[in-house]
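The structure appears below as structure tokens.
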Amino acid sequence: MTQAETKLCSLLLQEHFGEIVEKVGVHLINTGSQPLRLITNDTDVPLDQVKKALCVLIQQNLVTYLLHKRGFVEYNTHVDRVLRILRYPRYIYTAKTLYGDTGELVVEELLQNGKMTMSAVVKKVADRLTESMEDGKTMDYSEVSKTFVQLVETHFLQKCPMVPESAAGSEPLAAPVLVTDEKEMYTVPNVSIIGKGKRRRSCEEDDGGQKAKRKKLEEETKEEPTEFWVTRMLNKFKIHFKVAFIMGYVLLFMKQTSSEIVRTMLRMSEITTSSGAAHTQPLSSNEIFRSLPSGYNISKQILDQYLTLLVDDPMEFVGKAGESGGGMYAINLHKALACLARATLESVVQERFGSRSARIFRLLLRKRHLEQKQVEDFGMIPAKEAKDMMYTLLSENLVSLQQEIPKTPDHAPSRTFYLYTVNTLPAETLLFHSHQTVANLIERRQFETKENKRLLEKSQKIEAILASMQATGAEEVQLQEIEEMITAPERQQLKTLKNNVNKLDTSENQVDETIFVLESYIDSTACKK
């Protein structure tokens, strides 16, 4: 746990859940697992507010609890889950790309609420879609249910851990023990949700109508099974992003047909491959041939030739795993992630230290170990400049001294070879700087918003007045008078503020892409070891 990660977690918790939740969450990050009494004493927060904060964090799957052997309950914050809040917009956009507006709203509701029943998600999403439709049109619950089932079947959603039935009638413990049934994790219950989305204005009825509606809602709630709770399956999103990044990288270096073959193999193995796997599941050439897009009219023989060329390619993305089924092939995910991380590191070195430093960095990546004189000769850089650049890279932890080879037994520095190399440390260093960068971007965005708070509130009030007047059929002259309440300098200031905030948001997403690539590479390297 680095200081940059702690600061970023603090900013994310404060922005999404408020100061009290942030105080409790950061305290657990700094101290580790703690019982409720110690959390209350150390944070100086009232007991009832600490309980509410822990309820919010548990509901959002950011904090877990564990029954200690002495009988009390300890709470622990998961830093990796808190940092994933930064990636929520990408999760929602992915769901929109794959499953349309309905899938987008389903994932958004679950990310906002942490855990929900299937029926609650379906009804809320249907109501929101109905609100955005034209008058007279509604969204049927069955359409939302179909999208929900598709998300579960493709493992984007999963069932939450539940209290086992055997423990339901036993003596209650200080904390319930939740169990995940892997067989039922992606099984959708046979629930018939009938109805259509409702608009807010349709609820304005007389008291008798409200009582009848409330009674009907209570009856539906009693009949509704509540055993199916869902949470977001972040590992599935991680696999999808990893596949997308690899496909984008492959398109840069391979021809269209070769890249399409690799793309088909990645999509076929997306569901069966675990998030930490170094290779995809082996696929036969017959399976690949049947799964190619219809637009690629290539014969089986030509496909086998392409696969042979991909296996022999220096990038080593595709490897042969057997001879059955016309040949079994798998994609080396670790190698692909290493290439992505390498390209990211080279780009960072070039932007920060110049093209000559990037040349030295690429030389060390290619040659593995080089002595100072070799760096100067291979890089065609003057000795003085090469030494300055090597020292700069060494001080930034982008390059390290791997070993010393003495020419004589006395280990005299003048008669010793000092070999420079690049290991996984630069990725960890860049990951630390990336977390710092995101924290700085969030702080800057909050500062920009705070400085223009009065102007933003004024703009929101005027927009609300205009919306209400347009709904009541106001004249154009009246609307123009309301719009003129914001002066020209204020409009320019609002435009500048909007552009600045959009740039900061875009920068956050771009830095998060770098964080994802580096984290995936570091995790893959750790699993390989």
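Chain labels follow the order of the structure tokens: the first chain is A, the next B, and so on; residue numbering restarts at 1 in every chain, and ligands are counted from 1 in their shown order.
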
Quiz item: So which residues touch region 510-523 of chain A within 8 Å, counting only C-alpha atoms, skipping near sequence neighbours fewer than 3 positions away, as a ChimeraX atom specification?
Solution: /A:86-87,242,276,334,337-338,340-341,344,424,427-428,431,434-435,437-438,506-507,526-527

Exercise. Write out as a count of residues only the residues lying within 12 Å of Cys55 (chain A), counting only C-alpha atoms and excluding same-chain residues fewer than 4 positions away.
Key: 20

Quiz item: What does the distance between CA of Ser395 (chain A) and CA of Phe378 (chain A) come to in Å, to one decimal place?
Solution: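 Computing the Euclidean distance for CA of Ser395 (chain A) and CA of Phe378 (chain A) yields 21.9 Å.
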
Exercise. Select from region 347-458 of chain A everything DSSP, run on the backbone, classes as strand (DSSP E), then give the selection as a list of chain:residue names.
Key: A:Leu370, A:Glu371, A:Ser400, A:Leu401, A:Gln402, A:Gln403, A:Glu404, A:Ile405, A:Pro406, A:Thr416, A:Phe417, A:Tyr418, A:Leu419, A:Tyr420, A:Thr421
